[in-house]
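*Asks:* Okay, so here is protein.tsv, and as you'll see once you scroll down, it has TSV, C-alpha atoms.
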chain	number	residue	atom	x	y	z
J	25	MET	CA	128.47	122.80	135.74
J	26	LEU	CA	130.35	123.03	132.43
J	27	ASP	CA	127.70	125.32	131.00
J	28	ASP	CA	129.41	128.35	132.60
J	29	PHE	CA	132.87	127.34	131.33
J	30	SER	CA	134.37	129.79	128.84
J	31	LEU	CA	137.77	130.93	127.70
J	32	GLU	CA	136.92	134.52	128.54
J	33	ALA	CA	136.35	133.56	132.18
J	34	ILE	CA	139.76	131.86	132.33
J	35	ILE	CA	141.46	134.90	130.79
J	36	ALA	CA	139.68	137.24	133.20
J	37	TYR	CA	140.72	135.07	136.17
J	38	ALA	CA	144.34	134.96	134.93
J	39	GLU	CA	144.40	138.74	134.57
J	40	ALA	CA	142.96	139.16	138.07
J	41	HIS	CA	145.40	136.66	139.65
J	42	PRO	CA	148.74	136.83	137.79
J	43	VAL	CA	150.70	134.85	140.42
J	44	ILE	CA	148.35	131.88	140.16
J	45	ALA	CA	148.40	132.13	136.35
J	46	THR	CA	152.21	132.11	136.38
J	47	LEU	CA	152.28	129.07	138.68
J	48	LEU	CA	149.81	127.23	136.45
J	49	LEU	CA	151.94	128.05	133.42
J	50	VAL	CA	155.07	126.73	135.15
J	51	VAL	CA	153.25	123.52	136.12
J	52	ALA	CA	152.03	123.09	132.53
J	53	VAL	CA	155.57	123.56	131.15
J	54	VAL	CA	157.00	121.06	133.65
J	55	LEU	CA	154.34	118.50	132.75
J	56	LEU	CA	154.95	119.02	129.04
J	57	GLY	CA	158.71	118.66	129.51
J	58	SER	CA	158.22	115.47	131.50
J	59	LEU	CA	155.94	114.07	128.82
J	60	LEU	CA	158.43	114.91	126.08
J	61	ARG	CA	161.28	113.22	127.99
J	62	LYS	CA	159.19	110.08	128.40
J	63	VAL	CA	158.27	110.05	124.71
J	64	PHE	CA	161.96	110.49	123.82
J	65	LYS	CA	162.92	107.57	126.08
J	66	VAL	CA	160.28	105.37	124.48
J	67	ALA	CA	161.54	106.36	121.02
J	68	VAL	CA	165.12	105.46	121.97
J	69	VAL	CA	164.05	102.09	123.36
J	70	CYS	CA	162.01	101.36	120.22
J	71	ALA	CA	164.97	102.31	118.02
J	72	ILE	CA	167.26	99.97	119.96
J	73	VAL	CA	164.74	97.14	119.73
J	74	LEU	CA	164.32	97.67	115.99
J	75	LEU	CA	168.10	97.77	115.42
J	76	VAL	CA	168.59	94.56	117.39
J	77	GLY	CA	165.78	92.94	115.43
J	78	LEU	CA	167.33	94.14	112.17
J	79	TYR	CA	170.69	92.70	113.22
J	80	PHE	CA	169.22	89.28	113.95
J	81	THR	CA	167.01	89.16	110.85
J	82	GLN	CA	169.69	90.30	108.40
J	83	GLY	CA	172.28	87.72	109.40
J	84	ASP	CA	175.95	87.97	110.20
J	85	ASP	CA	177.91	91.22	110.08
J	86	ALA	CA	180.54	89.70	107.80
J	87	ASP	CA	177.98	89.14	105.03
J	88	TRP	CA	176.75	92.69	105.37
J	89	TRP	CA	180.27	94.09	105.32
J	90	GLU	CA	181.12	92.08	102.18
J	91	GLN	CA	178.05	93.49	100.46
J	92	VAL	CA	179.07	97.01	101.47
J	93	GLN	CA	182.57	96.48	100.12
J	94	ALA	CA	181.22	95.05	96.84
J	95	VAL	CA	178.87	97.97	96.33
J	96	GLY	CA	181.64	100.37	97.33
J	97	GLY	CA	183.93	98.83	94.72
J	98	GLU	CA	181.27	99.28	92.05
J	99	VAL	CA	180.79	102.90	93.09
J	100	VAL	CA	184.54	103.51	92.77
J	101	VAL	CA	184.56	102.00	89.26
J	102	TRP	CA	181.55	104.08	88.22
J	103	GLY	CA	183.11	107.20	89.74
J	104	GLU	CA	186.36	106.69	87.85
J	105	ALA	CA	184.44	106.18	84.59
J	106	LEU	CA	182.44	109.33	85.31
J	107	LEU	CA	185.61	111.33	85.95
J	108	GLU	CA	187.15	110.08	82.69
J	109	LYS	CA	184.02	111.04	80.77
J	110	ALA	CA	183.98	114.45	82.46
J	111	ASP	CA	187.63	114.99	81.48
J	112	GLU	CA	186.78	114.11	77.86
J	113	ILE	CA	183.84	116.51	77.83
J	114	PHE	CA	185.97	119.23	79.44
J	115	GLU	CA	188.76	118.80	76.88
J	116	LYS	CA	186.25	118.79	74.01
J	117	GLY	CA	184.67	122.01	75.32
J	118	LYS	CA	188.10	123.57	75.82
J	119	GLN	CA	189.07	122.73	72.23
J	120	GLN	CA	185.81	124.18	70.93
J	121	LEU	CA	186.39	127.42	72.86
J	122	GLU	CA	189.97	127.71	71.61
J	123	GLY	CA	188.90	126.99	68.03
J	124	ASN	CA	186.26	129.75	68.02
Using the file provided, produce a representation of the structure as structure tokens.
*Replies:*
Amino acid sequence: MLDDFSLEAIIAYAEAHPVIATLLLVVAVVLLGSLLRKVFKVAVVCAIVLLVGLYFTQGDDADWWEQVQAVGGEVVVWGEALLEKADEIFEKGKQQLEGN
């Protein structure tokens, strides 16, 4: 039964019956859209489950927020030091350009 199956036969049938081919294409698009919506819903549910699991395994929010603030404070200190160093380099370059 599948011995006579070929892509050329499907193309010839679609060319001979364009209304049926259009309907089959619409059905295929609807099925694909439905499948993608279901996959998206599953991905959202999995993301929520993983976030809830992360919340319960990482402890209290207060500890996390304190860690964020500590790291943020260090970043501010490093940023200020970087800006001071950049100002020094800029002034040194400016003096070199004015001297030449």
*Asks:* When you draw a straight line from CA of Glu122 (chain J) to CA of Gly103 (chain J), how long is it in Å?
*Replies:*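 One can read the CA of Glu122 (chain J) to CA of Gly103 (chain J) distance as 28.2 Å.
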*Asks:* To one decimal in Å, tell me the separation between CA of Trp88 (chain J) and CA of Phe64 (chain J).
*Replies:*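 If I compute the distance from CA of Trp88 (chain J) to CA of Phe64 (chain J), I get 29.6 Å.
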*Asks:* Rounded to one decimal, what separation in Å do you get between CA of Ala45 (chain J) and CA of Val63 (chain J)?
*Replies:*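 These two atoms are separated by 26.8 Å.
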*Asks:* Save region 30-75 of chain J to disk from that block, N, CA and C atoms included, as an mmCIF file, in the first residue's frame.
*Replies:*
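Resulting contents of result-v9.cif:
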data_model
loop_
_atom_site.group_PDB
_atom_site.id
_atom_site.type_symbol
_atom_site.label_atom_id
_atom_site.label_comp_id
_atom_site.auth_asym_id
_atom_site.auth_seq_id
_atom_site.Cartn_x
_atom_site.Cartn_y
_atom_site.Cartn_z
ATOM 1 N N SER J 30 4.335 8.628 -3.015
ATOM 2 C CA SER J 30 5.453 9.468 -3.437
ATOM 3 C C SER J 30 5.059 10.931 -3.298
ATOM 4 N N LEU J 31 6.050 11.764 -3.177
ATOM 5 C CA LEU J 31 5.825 13.195 -3.040
ATOM 6 C C LEU J 31 5.270 13.772 -4.344
ATOM 7 N N GLU J 32 5.701 13.239 -5.458
ATOM 8 C CA GLU J 32 5.211 13.718 -6.740
ATOM 9 C C GLU J 32 3.704 13.492 -6.873
ATOM 10 N N ALA J 33 3.212 12.381 -6.351
ATOM 11 C CA ALA J 33 1.778 12.093 -6.416
ATOM 12 C C ALA J 33 0.993 13.084 -5.563
ATOM 13 N N ILE J 34 1.544 13.446 -4.407
ATOM 14 C CA ILE J 34 0.869 14.421 -3.536
ATOM 15 C C ILE J 34 0.833 15.791 -4.207
ATOM 16 N N ILE J 35 1.949 16.189 -4.816
ATOM 17 C CA ILE J 35 2.007 17.475 -5.504
ATOM 18 C C ILE J 35 1.033 17.501 -6.676
ATOM 19 N N ALA J 36 0.983 16.419 -7.437
ATOM 20 C CA ALA J 36 0.059 16.354 -8.572
ATOM 21 C C ALA J 36 -1.390 16.433 -8.095
ATOM 22 N N TYR J 37 -1.717 15.754 -6.993
ATOM 23 C CA TYR J 37 -3.075 15.804 -6.453
ATOM 24 C C TYR J 37 -3.405 17.216 -5.978
ATOM 25 N N ALA J 38 -2.433 17.884 -5.307
ATOM 26 C CA ALA J 38 -2.662 19.244 -4.817
ATOM 27 C C ALA J 38 -2.857 20.218 -5.967
ATOM 28 N N GLU J 39 -2.137 20.025 -7.050
ATOM 29 C CA GLU J 39 -2.308 20.897 -8.212
ATOM 30 C C GLU J 39 -3.658 20.654 -8.891
ATOM 31 N N ALA J 40 -4.126 19.410 -8.854
ATOM 32 C CA ALA J 40 -5.399 19.075 -9.489
ATOM 33 C C ALA J 40 -6.590 19.509 -8.629
ATOM 34 N N HIS J 41 -6.402 19.578 -7.307
ATOM 35 C CA HIS J 41 -7.491 19.926 -6.388
ATOM 36 C C HIS J 41 -7.015 21.034 -5.430
ATOM 37 N N PRO J 42 -6.966 22.269 -5.899
ATOM 38 C CA PRO J 42 -6.416 23.350 -5.058
ATOM 39 C C PRO J 42 -7.263 23.680 -3.824
ATOM 40 N N VAL J 43 -8.571 23.482 -3.881
ATOM 41 C CA VAL J 43 -9.422 23.780 -2.723
ATOM 42 C C VAL J 43 -9.104 22.813 -1.587
ATOM 43 N N ILE J 44 -8.984 21.541 -1.921
ATOM 44 C CA ILE J 44 -8.655 20.532 -0.900
ATOM 45 C C ILE J 44 -7.254 20.783 -0.353
ATOM 46 N N ALA J 45 -6.313 21.154 -1.214
ATOM 47 C CA ALA J 45 -4.954 21.437 -0.760
ATOM 48 C C ALA J 45 -4.952 22.633 0.188
ATOM 49 N N THR J 46 -5.732 23.654 -0.117
ATOM 50 C CA THR J 46 -5.820 24.827 0.757
ATOM 51 C C THR J 46 -6.420 24.446 2.103
ATOM 52 N N LEU J 47 -7.477 23.651 2.095
ATOM 53 C CA LEU J 47 -8.094 23.205 3.347
ATOM 54 C C LEU J 47 -7.113 22.378 4.178
ATOM 55 N N LEU J 48 -6.373 21.494 3.538
ATOM 56 C CA LEU J 48 -5.383 20.700 4.266
ATOM 57 C C LEU J 48 -4.287 21.581 4.857
ATOM 58 N N LEU J 49 -3.897 22.612 4.123
ATOM 59 C CA LEU J 49 -2.892 23.537 4.633
ATOM 60 C C LEU J 49 -3.418 24.303 5.843
ATOM 61 N N VAL J 50 -4.673 24.735 5.781
ATOM 62 C CA VAL J 50 -5.280 25.453 6.910
ATOM 63 C C VAL J 50 -5.361 24.541 8.132
ATOM 64 N N VAL J 51 -5.758 23.302 7.934
ATOM 65 C CA VAL J 51 -5.830 22.340 9.041
ATOM 66 C C VAL J 51 -4.442 22.117 9.638
ATOM 67 N N ALA J 52 -3.428 21.996 8.799
ATOM 68 C CA ALA J 52 -2.064 21.795 9.294
ATOM 69 C C ALA J 52 -1.592 22.999 10.105
ATOM 70 N N VAL J 53 -1.894 24.206 9.654
ATOM 71 C CA VAL J 53 -1.497 25.422 10.381
ATOM 72 C C VAL J 53 -2.219 25.498 11.719
ATOM 73 N N VAL J 54 -3.498 25.166 11.746
ATOM 74 C CA VAL J 54 -4.261 25.186 12.994
ATOM 75 C C VAL J 54 -3.691 24.167 13.978
ATOM 76 N N LEU J 55 -3.384 22.976 13.504
ATOM 77 C CA LEU J 55 -2.803 21.956 14.378
ATOM 78 C C LEU J 55 -1.435 22.383 14.904
ATOM 79 N N LEU J 56 -0.631 22.981 14.055
ATOM 80 C CA LEU J 56 0.678 23.452 14.483
ATOM 81 C C LEU J 56 0.547 24.570 15.516
ATOM 82 N N GLY J 57 -0.371 25.498 15.287
ATOM 83 C CA GLY J 57 -0.613 26.575 16.252
ATOM 84 C C GLY J 57 -1.081 26.037 17.593
ATOM 85 N N SER J 58 -1.970 25.062 17.558
ATOM 86 C CA SER J 58 -2.456 24.452 18.788
ATOM 87 C C SER J 58 -1.320 23.762 19.539
ATOM 88 N N LEU J 59 -0.485 23.078 18.803
ATOM 89 C CA LEU J 59 0.651 22.391 19.421
ATOM 90 C C LEU J 59 1.617 23.389 20.049
ATOM 91 N N LEU J 60 1.877 24.487 19.349
ATOM 92 C CA LEU J 60 2.782 25.498 19.892
ATOM 93 C C LEU J 60 2.204 26.153 21.140
ATOM 94 N N ARG J 61 0.899 26.398 21.172
ATOM 95 C CA ARG J 61 0.282 26.973 22.371
ATOM 96 C C ARG J 61 0.400 26.020 23.549
ATOM 97 N N LYS J 62 0.215 24.732 23.309
ATOM 98 C CA LYS J 62 0.332 23.759 24.389
ATOM 99 C C LYS J 62 1.767 23.675 24.895
ATOM 100 N N VAL J 63 2.722 23.703 23.989
ATOM 101 C CA VAL J 63 4.129 23.668 24.399
ATOM 102 C C VAL J 63 4.468 24.919 25.199
ATOM 103 N N PHE J 64 3.949 26.076 24.795
ATOM 104 C CA PHE J 64 4.185 27.312 25.528
ATOM 105 C C PHE J 64 3.594 27.233 26.933
ATOM 106 N N LYS J 65 2.386 26.688 27.054
ATOM 107 C CA LYS J 65 1.758 26.544 28.367
ATOM 108 C C LYS J 65 2.577 25.623 29.259
ATOM 109 N N VAL J 66 3.064 24.532 28.711
ATOM 110 C CA VAL J 66 3.893 23.614 29.488
ATOM 111 C C VAL J 66 5.180 24.307 29.924
ATOM 112 N N ALA J 67 5.773 25.111 29.046
ATOM 113 C CA ALA J 67 6.996 25.828 29.400
ATOM 114 C C ALA J 67 6.736 26.830 30.520
ATOM 115 N N VAL J 68 5.602 27.519 30.485
ATOM 116 C CA VAL J 68 5.271 28.479 31.539
ATOM 117 C C VAL J 68 5.066 27.760 32.866
ATOM 118 N N VAL J 69 4.361 26.650 32.847
ATOM 119 C CA VAL J 69 4.138 25.882 34.073
ATOM 120 C C VAL J 69 5.460 25.376 34.627
ATOM 121 N N CYS J 70 6.334 24.869 33.777
ATOM 122 C CA CYS J 70 7.649 24.390 34.233
ATOM 123 C C CYS J 70 8.469 25.537 34.825
ATOM 124 N N ALA J 71 8.413 26.710 34.216
ATOM 125 C CA ALA J 71 9.151 27.859 34.736
ATOM 126 C C ALA J 71 8.627 28.249 36.111
ATOM 127 N N ILE J 72 7.315 28.241 36.291
ATOM 128 C CA ILE J 72 6.745 28.574 37.596
ATOM 129 C C ILE J 72 7.160 27.549 38.638
ATOM 130 N N VAL J 73 7.100 26.275 38.287
ATOM 131 C CA VAL J 73 7.506 25.224 39.216
ATOM 132 C C VAL J 73 8.974 25.373 39.592
ATOM 133 N N LEU J 74 9.828 25.650 38.621
ATOM 134 C CA LEU J 74 11.251 25.817 38.912
ATOM 135 C C LEU J 74 11.514 27.042 39.775
ATOM 136 N N LEU J 75 10.797 28.145 39.528
ATOM 137 C CA LEU J 75 10.975 29.340 40.352
ATOM 138 C C LEU J 75 10.512 29.109 41.786
#
